[in-house]
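start_11.txt (compact mmCIF, C-alpha atoms)
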# COMPACT_ATOMS: atom_id res chain seq x y z
CA MET A 25 -63.36 -2.86 173.42
CA THR A 26 -66.12 -0.80 171.86
CA GLU A 27 -65.71 1.72 169.07
CA ALA A 28 -66.32 4.52 171.57
CA ASP A 29 -63.42 3.34 173.79
CA THR A 30 -61.14 3.12 170.76
CA ALA A 31 -62.00 6.66 169.74
CA LEU A 32 -61.17 7.92 173.24
CA GLN A 33 -57.62 6.46 173.16
CA PRO A 34 -54.91 9.01 172.25
CA LYS A 35 -53.56 8.60 168.73
CA ARG A 36 -49.92 7.68 168.39
CA LYS A 37 -47.85 10.38 166.80
CA GLY A 38 -44.99 9.33 164.50
CA LEU A 39 -41.98 11.39 163.53
CA SER A 40 -42.72 14.53 161.61
CA ARG A 41 -41.30 15.03 158.14
CA ARG A 42 -38.74 17.48 159.48
CA GLN A 43 -37.65 15.04 162.20
CA LYS A 44 -37.27 12.28 159.62
CA ARG A 45 -35.05 14.49 157.47
CA SER A 46 -32.92 15.39 160.51
CA LEU A 47 -32.60 11.74 161.48
CA SER A 48 -31.66 10.75 157.92
CA ARG A 49 -29.06 13.51 157.76
CA GLY A 50 -27.60 12.43 161.10
CA VAL A 51 -27.30 8.82 159.93
CA GLN A 52 -25.51 9.98 156.77
CA TYR A 53 -23.05 12.02 158.82
CA VAL A 54 -22.32 9.05 161.06
CA VAL A 55 -21.75 6.75 158.07
CA PHE A 56 -19.47 9.33 156.43
CA VAL A 57 -17.38 9.86 159.58
CA ALA A 58 -17.12 6.10 160.08
CA ALA A 59 -15.94 5.62 156.49
CA VAL A 60 -13.31 8.35 156.86
CA VAL A 61 -12.05 6.87 160.15
CA ALA A 62 -11.90 3.38 158.63
CA PHE A 63 -9.99 4.67 155.61
CA ALA A 64 -7.54 6.60 157.80
CA ALA A 65 -6.97 3.58 160.02
CA ALA A 66 -6.38 1.23 157.08
CA ALA A 67 -3.91 3.48 155.21
CA ASP A 68 -0.17 3.02 155.67
CA TRP A 69 0.74 6.63 156.41
CA GLY A 70 4.40 5.85 156.85
CA ARG A 71 4.82 4.57 153.31
CA LEU A 72 2.73 7.43 151.94
CA LYS A 73 4.95 9.94 153.72
CA ASN A 74 8.12 8.31 152.38
CA GLN A 75 6.82 8.37 148.82
CA PHE A 76 4.90 11.65 148.68
CA ALA A 77 6.02 13.92 151.52
CA GLN A 78 9.81 14.15 151.62
CA GLY A 79 10.52 17.62 152.95
CA ASP A 80 14.06 17.84 151.63
CA ILE A 81 12.92 17.04 148.06
CA ALA A 82 10.09 19.54 148.30
CA ARG A 83 12.45 22.28 149.47
CA GLN A 84 14.76 21.64 146.51
CA MET A 85 11.88 22.50 144.15
CA PHE A 86 11.70 26.10 145.32
CA PRO A 87 11.77 28.69 143.91
CA ASP A 88 11.84 27.07 140.43
CA VAL A 89 8.46 25.41 140.87
CA ILE A 90 6.96 28.91 141.24
CA THR A 91 9.20 31.13 139.13
CA LEU A 92 9.47 28.65 136.24
CA ALA A 93 6.82 25.91 136.24
CA LEU A 94 3.88 27.82 137.69
CA LYS A 95 4.77 30.93 135.69
CA ASN A 96 4.78 28.95 132.43
CA THR A 97 1.52 27.24 133.34
CA VAL A 98 -0.19 30.58 133.97
CA LEU A 99 1.28 32.04 130.79
CA TYR A 100 0.12 29.10 128.67
CA THR A 101 -3.35 29.31 130.20
CA VAL A 102 -3.80 33.06 129.80
CA THR A 103 -2.62 33.14 126.19
CA GLY A 104 -4.73 30.11 125.31
CA PHE A 105 -7.75 31.71 126.94
CA ALA A 106 -7.21 34.95 125.01
CA VAL A 107 -6.98 33.10 121.68
CA GLY A 108 -10.00 30.97 122.55
CA LEU A 109 -12.08 33.98 123.59
CA ALA A 110 -11.30 35.93 120.41
CA LEU A 111 -11.91 32.94 118.15
CA GLY A 112 -14.96 31.88 120.14
CA MET A 113 -16.51 35.33 119.68
CA VAL A 114 -16.07 35.09 115.91
CA ILE A 115 -17.51 31.57 115.80
CA ALA A 116 -20.48 32.59 117.99
CA LEU A 117 -21.33 35.52 115.70
CA MET A 118 -21.01 33.25 112.67
CA ARG A 119 -23.34 30.80 114.41
CA LEU A 120 -25.93 33.56 114.81
CA SER A 121 -25.44 34.96 111.33
CA SER A 122 -28.26 35.03 108.81
CA VAL A 123 -25.79 33.86 106.15
CA GLY A 124 -26.11 30.10 105.76
CA PRO A 125 -22.46 29.21 104.97
CA TYR A 126 -21.27 31.09 108.06
CA ARG A 127 -23.62 29.07 110.26
CA TRP A 128 -22.56 25.80 108.63
CA VAL A 129 -18.84 26.51 109.04
CA ALA A 130 -19.34 27.51 112.67
CA GLY A 131 -21.44 24.45 113.38
CA VAL A 132 -18.89 22.07 111.83
CA TYR A 133 -16.05 23.71 113.77
CA ILE A 134 -17.91 23.43 117.07
CA GLU A 135 -18.87 19.80 116.55
CA ILE A 136 -15.35 18.76 115.52
CA PHE A 137 -13.37 20.56 118.20
CA ARG A 138 -15.81 19.70 120.97
CA GLY A 139 -15.73 16.04 119.94
CA LEU A 140 -11.95 15.62 119.66
CA PRO A 141 -9.83 15.10 122.79
CA ALA A 142 -7.53 18.03 123.56
CA LEU A 143 -4.57 15.64 123.34
CA LEU A 144 -5.20 15.06 119.63
CA ILE A 145 -5.32 18.81 119.01
CA PHE A 146 -1.91 19.23 120.64
CA ILE A 147 -0.48 16.40 118.55
CA PHE A 148 -2.02 17.91 115.43
CA ILE A 149 -0.43 21.31 116.14
CA GLY A 150 2.93 19.79 117.05
CA VAL A 151 3.19 17.18 114.28
CA ALA A 152 0.65 17.64 111.48
CA VAL A 153 1.09 21.37 110.94
CA PRO A 154 4.91 21.21 110.44
CA LEU A 155 4.45 18.26 108.05
CA ALA A 156 1.73 20.02 106.07
CA PHE A 157 3.57 23.34 105.87
CA PRO A 158 7.33 22.65 105.85
CA GLY A 159 9.42 25.54 107.06
CA THR A 160 6.45 27.29 108.64
CA GLU A 161 7.00 28.49 112.19
CA ILE A 162 4.17 29.43 114.52
CA VAL A 163 4.79 32.83 116.07
CA GLY A 164 6.00 32.52 119.64
CA GLY A 165 7.53 29.06 119.33
CA THR A 166 6.27 26.65 121.98
CA TYR A 167 4.26 29.39 123.68
CA GLY A 168 2.52 30.17 120.41
CA LYS A 169 1.79 26.49 119.73
CA VAL A 170 0.30 26.01 123.19
CA ALA A 171 -1.78 29.18 122.89
CA LEU A 172 -3.09 28.01 119.51
CA ALA A 173 -3.84 24.46 120.67
CA LEU A 174 -5.59 25.56 123.85
CA GLY A 175 -7.37 28.33 121.96
CA LEU A 176 -8.73 25.97 119.31
CA VAL A 177 -10.13 23.68 122.01
CA ALA A 178 -11.53 26.47 124.17
CA ALA A 179 -13.07 28.38 121.26
CA ALA A 180 -15.53 25.59 120.50
CA TYR A 181 -16.92 25.69 124.04
CA MET A 182 -16.71 29.45 124.42
CA ALA A 183 -18.55 29.97 121.14
CA GLU A 184 -21.60 28.12 122.42
CA THR A 185 -21.40 29.92 125.76
CA ILE A 186 -21.19 33.32 124.06
CA ARG A 187 -24.00 32.43 121.68
CA ALA A 188 -26.23 31.45 124.58
CA GLY A 189 -25.37 34.69 126.39
CA ILE A 190 -26.22 36.82 123.36
CA GLN A 191 -29.53 35.02 122.90
CA ALA A 192 -30.30 35.52 126.60
CA VAL A 193 -30.26 39.31 126.18
CA PRO A 194 -33.88 40.49 125.67
CA LYS A 195 -34.68 41.21 122.02
CA GLY A 196 -36.05 44.58 123.08
CA GLN A 197 -32.49 45.75 123.68
CA MET A 198 -31.66 45.42 119.98
CA GLU A 199 -34.94 47.04 118.97
CA ALA A 200 -34.32 49.95 121.32
CA ALA A 201 -30.79 50.42 119.97
CA ARG A 202 -32.05 50.37 116.37
CA SER A 203 -34.69 52.96 117.22
CA LEU A 204 -31.91 55.24 118.49
CA GLY A 205 -30.13 55.03 115.16
CA PHE A 206 -27.61 52.26 115.90
CA SER A 207 -26.65 49.99 113.04
CA PRO A 208 -27.04 46.23 113.73
CA ALA A 209 -23.27 45.78 114.04
CA ARG A 210 -22.83 48.76 116.36
CA ALA A 211 -25.80 47.72 118.48
CA MET A 212 -24.34 44.22 118.82
CA VAL A 213 -20.91 45.53 119.85
CA SER A 214 -22.03 48.38 122.10
CA ILE A 215 -25.27 47.08 123.61
CA ILE A 216 -25.81 43.33 123.25
CA ILE A 217 -22.33 41.85 123.73
CA PRO A 218 -21.52 43.78 126.97
CA GLN A 219 -24.79 42.56 128.51
CA ALA A 220 -24.12 39.04 127.29
CA PHE A 221 -20.71 39.00 128.95
CA ARG A 222 -22.27 39.89 132.30
CA ILE A 223 -24.37 36.74 131.96
CA ILE A 224 -21.63 34.39 130.75
CA LEU A 225 -18.78 35.58 132.96
CA PRO A 226 -19.12 32.67 135.45
CA PRO A 227 -18.98 29.90 132.80
CA LEU A 228 -16.10 31.67 131.05
CA THR A 229 -14.18 31.73 134.32
CA ASN A 230 -14.92 28.04 134.74
CA GLU A 231 -13.48 27.48 131.26
CA LEU A 232 -10.32 29.24 132.43
CA VAL A 233 -10.01 26.67 135.23
CA LEU A 234 -10.34 23.83 132.73
CA LEU A 235 -7.71 25.36 130.47
CA PHE A 236 -5.36 25.71 133.41
CA LYS A 237 -5.45 21.93 133.83
CA ASP A 238 -5.33 21.21 130.08
CA SER A 239 -2.06 23.13 129.86
CA SER A 240 -0.40 19.96 131.19
CA LEU A 241 -0.67 18.55 127.64
CA VAL A 242 2.15 20.86 126.54
CA LEU A 243 4.61 18.00 127.05
CA PHE A 244 3.37 16.43 123.78
CA LEU A 245 4.77 19.42 121.88
CA GLY A 246 8.29 18.79 123.13
CA VAL A 247 9.49 21.53 125.47
CA THR A 248 12.86 22.68 126.72
CA LEU A 249 13.78 22.83 130.40
CA GLU A 250 12.85 26.51 130.50
CA GLU A 251 9.45 25.87 128.92
CA ARG A 252 8.22 23.17 131.30
CA GLU A 253 4.91 23.65 133.07
CA LEU A 254 3.88 22.19 136.44
CA SER A 255 3.05 18.63 135.36
CA LYS A 256 6.15 18.20 133.20
CA TYR A 257 8.34 19.79 135.88
CA GLY A 258 6.92 17.50 138.58
CA ARG A 259 7.27 14.34 136.50
CA ASP A 260 10.87 15.14 135.54
CA LEU A 261 11.90 15.65 139.17
CA ALA A 262 9.98 12.56 140.26
CA SER A 263 12.00 10.52 137.77
CA GLN A 264 15.27 12.05 138.92
CA THR A 265 14.60 11.53 142.63
CA ALA A 266 12.68 8.23 142.33
CA ASN A 267 10.09 9.81 144.59
CA SER A 268 6.58 11.18 144.03
CA THR A 269 6.95 14.25 146.26
CA PRO A 270 7.47 16.58 143.24
CA ILE A 271 4.15 15.43 141.78
CA LEU A 272 2.37 16.24 145.05
CA VAL A 273 3.97 19.69 145.19
CA ALA A 274 2.97 20.33 141.57
CA GLY A 275 -0.60 19.32 142.42
CA LEU A 276 -0.66 21.73 145.34
CA CYS A 277 0.52 24.50 143.02
CA TYR A 278 -2.43 23.76 140.73
CA LEU A 279 -4.74 24.12 143.72
CA LEU A 280 -3.23 27.52 144.50
CA ILE A 281 -4.85 28.73 141.27
CA THR A 282 -7.92 26.54 140.81
CA ILE A 283 -9.38 26.90 144.31
CA PRO A 284 -9.43 30.75 144.29
CA LEU A 285 -10.80 30.69 140.73
CA GLY A 286 -13.51 28.25 141.81
CA PHE A 287 -14.43 30.58 144.66
CA VAL A 288 -14.64 33.49 142.22
CA VAL A 289 -16.93 31.47 139.94
CA ARG A 290 -19.30 30.67 142.81
CA ARG A 291 -19.39 34.31 143.90
CA MET A 292 -20.17 35.50 140.39
CA GLU A 293 -22.89 32.88 139.97
CA ALA A 294 -24.45 33.99 143.26
CA LYS A 295 -24.39 37.64 142.18
CA THR A 296 -25.91 36.73 138.82
CA GLN A 297 -28.75 34.86 140.51
CA GLU A 298 -29.36 37.81 142.85
CA ALA A 299 -29.50 40.16 139.88
CA VAL A 300 -32.04 37.91 138.16
CA LYS A 301 -34.24 37.88 141.25
Would you write out, as structure tokens, the structure that this file holds?
Amino acid sequence: MTEADTALQPKRKGLSRRQKRSLSRGVQYVVFVAAVVAFAAAADWGRLKNQFAQGDIARQMFPDVITLALKNTVLYTVTGFAVGLALGMVIALMRLSSVGPYRWVAGVYIEIFRGLPALLIFIFIGVAVPLAFPGTEIVGGTYGKVALALGLVAAAYMAETIRAGIQAVPKGQMEAARSLGFSPARAMVSIIIPQAFRIILPPLTNELVLLFKDSSLVLFLGVTLEERELSKYGRDLASQTANSTPILVAGLCYLLITIPLGFVVRRMEAKTQEAVK
């Protein structure tokens, strides 16, 4: 065959890049569906139902699981978030201060409380503080202890988030405020911080979700029956009934809060990105 005949033959066309991506995606879907089907076929659903889905046990949990356990969980989370936000704001401003000792103290606090597990903070509040200061009572009892423990943990993360938000505000905003006669403190409070919070609202809401789950550590403080949160309430009933249905119900109650909050975070992030564009 001559070179001329070879040139006259039609060239074979392979799959385009778009077709290859579609084929790869289709294969992944097939593998995923096959894995799910195999898992479902291998599981012993009867035993799972007997251990985790006893309707009569689940019905016995209501309304206490909502009016007591979920209420306490939300209360612990909200108060801890409030303490963490207030303390985090102070630490963030200290971190940005021109005074060296303020920056050093803020930096040490952030490194320590971000590095320690939340469990150790709860134990420290519940055990070390009473030993160090005999006779001292934290305001609010167990609720105050939980708010303080969660707040100390959250403040370290919130401080860095707030600091990043303040630094993300254009420097021209401070210069414009100063030119209008604002003092640095007033400009920070009235101009810079409100704009920073618009930027950091999604990560702060995400921190609220994390605190909601960390509230389960309250059991290490020693709580009464009326102070139990979802995890403690579910574990206690699971022990009494020798069945794991209460733990599943408690988990579903967590999802009642975390899923809507997660949706709110995604919506706020989308709006923030649209505003940037």
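For the choices A:Leu117, A:Leu174, A:Leu234, A:Ile281, the atom-to-atom distance to Met212 of chain A is smallest for A:Leu117 when using all atoms listed in the file.
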Worksheet item: Leaving out segment 183-192 of chain A and any residue of its chain fewer than 3 positions from it, which residues lie within 9 Å of it when counting only C-alpha atoms, given as a ChimeraX atom specification?
Response: /A:108-109,111-117,119-120,130,134,178-180,195,212,216-217,219-224,227-228
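Atom pair atom CA of Glu253 of chain A / atom CA of Ser240 of chain A: separated by 6.7 Å.
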Subject >> Spatial neighbours of segment 146-154 of chain A, 12 Å, only C-alpha atoms, chain gap at least 6 places, as a PyMOL selection string >> reply: chain A and resi 137+140+160-162+165-177+238-247
Could you take the residues named above and write them with C-alpha atoms, as a JSON list (two decimals), keeping the file's coordinate frame?
[["chain", "number", "residue", "atom", "x", "y", "z"],
["A", 137, "PHE", "CA", -13.37, 20.56, 118.20],
["A", 140, "LEU", "CA", -11.95, 15.62, 119.66],
["A", 160, "THR", "CA", 6.45, 27.29, 108.64],
["A", 161, "GLU", "CA", 7.00, 28.49, 112.19],
["A", 162, "ILE", "CA", 4.17, 29.43, 114.52],
["A", 165, "GLY", "CA", 7.53, 29.06, 119.33],
["A", 166, "THR", "CA", 6.27, 26.65, 121.98],
["A", 167, "TYR", "CA", 4.26, 29.39, 123.68],
["A", 168, "GLY", "CA", 2.52, 30.17, 120.41],
["A", 169, "LYS", "CA", 1.79, 26.49, 119.73],
["A", 170, "VAL", "CA", 0.30, 26.01, 123.19],
["A", 171, "ALA", "CA", -1.78, 29.18, 122.89],
["A", 172, "LEU", "CA", -3.09, 28.01, 119.51],
["A", 173, "ALA", "CA", -3.84, 24.46, 120.67],
["A", 174, "LEU", "CA", -5.59, 25.56, 123.85],
["A", 175, "GLY", "CA", -7.37, 28.33, 121.96],
["A", 176, "LEU", "CA", -8.73, 25.97, 119.31],
["A", 177, "VAL", "CA", -10.13, 23.68, 122.01],
["A", 238, "ASP", "CA", -5.33, 21.21, 130.08],
["A", 239, "SER", "CA", -2.06, 23.13, 129.86],
["A", 240, "SER", "CA", -0.40, 19.96, 131.19],
["A", 241, "LEU", "CA", -0.67, 18.55, 127.64],
["A", 242, "VAL", "CA", 2.15, 20.86, 126.54],
["A", 243, "LEU", "CA", 4.61, 18.00, 127.05],
["A", 244, "PHE", "CA", 3.37, 16.43, 123.78],
["A", 245, "LEU", "CA", 4.77, 19.42, 121.88],
["A", 246, "GLY", "CA", 8.29, 18.79, 123.13],
["A", 247, "VAL", "CA", 9.49, 21.53, 125.47]]
Expressed in Å, the length from atom CA of Leu276 of chain A to atom CA of Val61 of chain A is 23.9 Å
In Å and to one decimal, atom CA of Ala142 of chain A is distant from atom CA of Phe105 of chain A by 14.1 Å
With distances taken over all atoms listed in the file, the candidate from A:Pro125, A:Pro270, A:Gly286, A:Pro141 nearest Thr229 of chain A is A:Gly286
| field | Shell around Leu285 of chain A at 12 Å using only C-alpha atoms, local window under 6 positions removed, as a ChimeraX atom specification | value | /A:226-236,278-279,291-292
C-alpha atoms of the current selection, written as a PDB file, in the coordinates of the input:
ATOM      1  CA  PRO A 226     -19.120  32.670 135.450  1.00  0.00           C
ATOM      2  CA  PRO A 227     -18.980  29.900 132.800  1.00  0.00           C
ATOM      3  CA  LEU A 228     -16.100  31.670 131.050  1.00  0.00           C
ATOM      4  CA  THR A 229     -14.180  31.730 134.320  1.00  0.00           C
ATOM      5  CA  ASN A 230     -14.920  28.040 134.740  1.00  0.00           C
ATOM      6  CA  GLU A 231     -13.480  27.480 131.260  1.00  0.00           C
ATOM      7  CA  LEU A 232     -10.320  29.240 132.430  1.00  0.00           C
ATOM      8  CA  VAL A 233     -10.010  26.670 135.230  1.00  0.00           C
ATOM      9  CA  LEU A 234     -10.340  23.830 132.730  1.00  0.00           C
ATOM     10  CA  LEU A 235      -7.710  25.360 130.470  1.00  0.00           C
ATOM     11  CA  PHE A 236      -5.360  25.710 133.410  1.00  0.00           C
ATOM     12  CA  TYR A 278      -2.430  23.760 140.730  1.00  0.00           C
ATOM     13  CA  LEU A 279      -4.740  24.120 143.720  1.00  0.00           C
ATOM     14  CA  ARG A 291     -19.390  34.310 143.900  1.00  0.00           C
ATOM     15  CA  MET A 292     -20.170  35.500 140.390  1.00  0.00           C
TER      16      MET A 292
END
Written-out segment 221-232 of chain A (all heavy atoms) as an mmCIF file, in the first residue's frame:
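Dumped everything to result-v7.cif:
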data_model
loop_
_atom_site.group_PDB
_atom_site.id
_atom_site.type_symbol
_atom_site.label_atom_id
_atom_site.label_comp_id
_atom_site.auth_asym_id
_atom_site.auth_seq_id
_atom_site.Cartn_x
_atom_site.Cartn_y
_atom_site.Cartn_z
ATOM 1 N N PHE A 221 -17.977 39.912 60.310
ATOM 2 C CA PHE A 221 -18.931 38.871 60.658
ATOM 3 C C PHE A 221 -19.724 38.408 59.441
ATOM 4 O O PHE A 221 -20.159 37.254 59.387
ATOM 5 C CB PHE A 221 -19.877 39.357 61.757
ATOM 6 C CG PHE A 221 -19.411 38.990 63.123
ATOM 7 C CD1 PHE A 221 -18.498 39.778 63.806
ATOM 8 C CD2 PHE A 221 -19.849 37.833 63.737
ATOM 9 C CE1 PHE A 221 -18.051 39.442 65.064
ATOM 10 C CE2 PHE A 221 -19.410 37.471 65.001
ATOM 11 C CZ PHE A 221 -18.508 38.275 65.665
ATOM 12 N N ARG A 222 -19.930 39.256 58.470
ATOM 13 C CA ARG A 222 -20.589 38.812 57.238
ATOM 14 C C ARG A 222 -19.732 37.789 56.515
ATOM 15 O O ARG A 222 -20.250 36.879 55.870
ATOM 16 C CB ARG A 222 -20.843 40.019 56.324
ATOM 17 C CG ARG A 222 -21.885 40.984 56.831
ATOM 18 C CD ARG A 222 -22.115 42.097 55.845
ATOM 19 N NE ARG A 222 -22.551 41.574 54.554
ATOM 20 C CZ ARG A 222 -22.703 42.325 53.473
ATOM 21 N NH1 ARG A 222 -22.427 43.632 53.514
ATOM 22 N NH2 ARG A 222 -23.118 41.786 52.339
ATOM 23 N N ILE A 223 -18.415 37.915 56.637
ATOM 24 C CA ILE A 223 -17.498 36.996 55.971
ATOM 25 C C ILE A 223 -17.403 35.674 56.720
ATOM 26 O O ILE A 223 -17.368 34.592 56.118
ATOM 27 C CB ILE A 223 -16.102 37.643 55.843
ATOM 28 C CG1 ILE A 223 -16.188 38.923 55.007
ATOM 29 C CG2 ILE A 223 -15.112 36.661 55.238
ATOM 30 C CD1 ILE A 223 -14.898 39.729 54.990
ATOM 31 N N ILE A 224 -17.381 35.743 58.045
ATOM 32 C CA ILE A 224 -17.087 34.550 58.853
ATOM 33 C C ILE A 224 -18.342 33.853 59.361
ATOM 34 O O ILE A 224 -18.235 32.868 60.102
ATOM 35 C CB ILE A 224 -16.196 34.912 60.061
ATOM 36 C CG1 ILE A 224 -16.952 35.841 61.018
ATOM 37 C CG2 ILE A 224 -14.900 35.531 59.597
ATOM 38 C CD1 ILE A 224 -16.171 36.165 62.280
ATOM 39 N N LEU A 225 -19.512 34.322 58.975
ATOM 40 C CA LEU A 225 -20.741 33.699 59.474
ATOM 41 C C LEU A 225 -20.836 32.216 59.125
ATOM 42 O O LEU A 225 -21.209 31.399 59.983
ATOM 43 C CB LEU A 225 -21.962 34.455 58.938
ATOM 44 C CG LEU A 225 -23.280 34.200 59.671
ATOM 45 C CD1 LEU A 225 -23.148 34.469 61.153
ATOM 46 C CD2 LEU A 225 -24.396 35.045 59.068
ATOM 47 N N PRO A 226 -20.507 31.782 57.898
ATOM 48 C CA PRO A 226 -20.562 30.334 57.606
ATOM 49 C C PRO A 226 -19.646 29.498 58.494
ATOM 50 O O PRO A 226 -20.099 28.511 59.070
ATOM 51 C CB PRO A 226 -20.176 30.265 56.120
ATOM 52 C CG PRO A 226 -20.547 31.595 55.568
ATOM 53 C CD PRO A 226 -20.264 32.570 56.667
ATOM 54 N N PRO A 227 -18.348 29.847 58.654
ATOM 55 C CA PRO A 227 -17.520 29.009 59.534
ATOM 56 C C PRO A 227 -17.959 29.064 60.994
ATOM 57 O O PRO A 227 -17.794 28.079 61.724
ATOM 58 C CB PRO A 227 -16.104 29.580 59.359
ATOM 59 C CG PRO A 227 -16.283 30.912 58.744
ATOM 60 C CD PRO A 227 -17.518 30.840 57.938
ATOM 61 N N LEU A 228 -18.531 30.180 61.441
ATOM 62 C CA LEU A 228 -19.026 30.229 62.813
ATOM 63 C C LEU A 228 -20.220 29.295 62.990
ATOM 64 O O LEU A 228 -20.360 28.642 64.029
ATOM 65 C CB LEU A 228 -19.425 31.663 63.185
ATOM 66 C CG LEU A 228 -18.289 32.645 63.477
ATOM 67 C CD1 LEU A 228 -18.855 33.997 63.884
ATOM 68 C CD2 LEU A 228 -17.355 32.117 64.557
ATOM 69 N N THR A 229 -21.073 29.238 61.983
ATOM 70 C CA THR A 229 -22.203 28.312 62.050
ATOM 71 C C THR A 229 -21.723 26.874 62.036
ATOM 72 O O THR A 229 -22.280 26.006 62.724
ATOM 73 C CB THR A 229 -23.160 28.554 60.874
ATOM 74 O OG1 THR A 229 -23.513 29.935 60.814
ATOM 75 C CG2 THR A 229 -24.436 27.742 61.026
ATOM 76 N N ASN A 230 -20.684 26.602 61.277
ATOM 77 C CA ASN A 230 -20.095 25.262 61.280
ATOM 78 C C ASN A 230 -19.522 24.917 62.651
ATOM 79 O O ASN A 230 -19.610 23.778 63.114
ATOM 80 C CB ASN A 230 -19.003 25.180 60.212
ATOM 81 C CG ASN A 230 -18.569 23.763 59.945
ATOM 82 O OD1 ASN A 230 -19.391 22.877 59.730
ATOM 83 N ND2 ASN A 230 -17.276 23.523 59.969
ATOM 84 N N GLU A 231 -18.955 25.902 63.341
ATOM 85 C CA GLU A 231 -18.455 25.689 64.695
ATOM 86 C C GLU A 231 -19.599 25.359 65.651
ATOM 87 O O GLU A 231 -19.440 24.558 66.581
ATOM 88 C CB GLU A 231 -17.728 26.951 65.172
ATOM 89 C CG GLU A 231 -17.114 26.835 66.555
ATOM 90 C CD GLU A 231 -16.026 25.787 66.640
ATOM 91 O OE1 GLU A 231 -15.330 25.553 65.610
ATOM 92 O OE2 GLU A 231 -15.856 25.195 67.719
ATOM 93 N N LEU A 232 -20.760 25.947 65.405
ATOM 94 C CA LEU A 232 -21.933 25.634 66.221
ATOM 95 C C LEU A 232 -22.316 24.166 66.077
ATOM 96 O O LEU A 232 -22.696 23.508 67.053
ATOM 97 C CB LEU A 232 -23.097 26.537 65.809
ATOM 98 C CG LEU A 232 -24.413 26.357 66.564
ATOM 99 C CD1 LEU A 232 -24.230 26.667 68.042
ATOM 100 C CD2 LEU A 232 -25.496 27.254 65.971
#
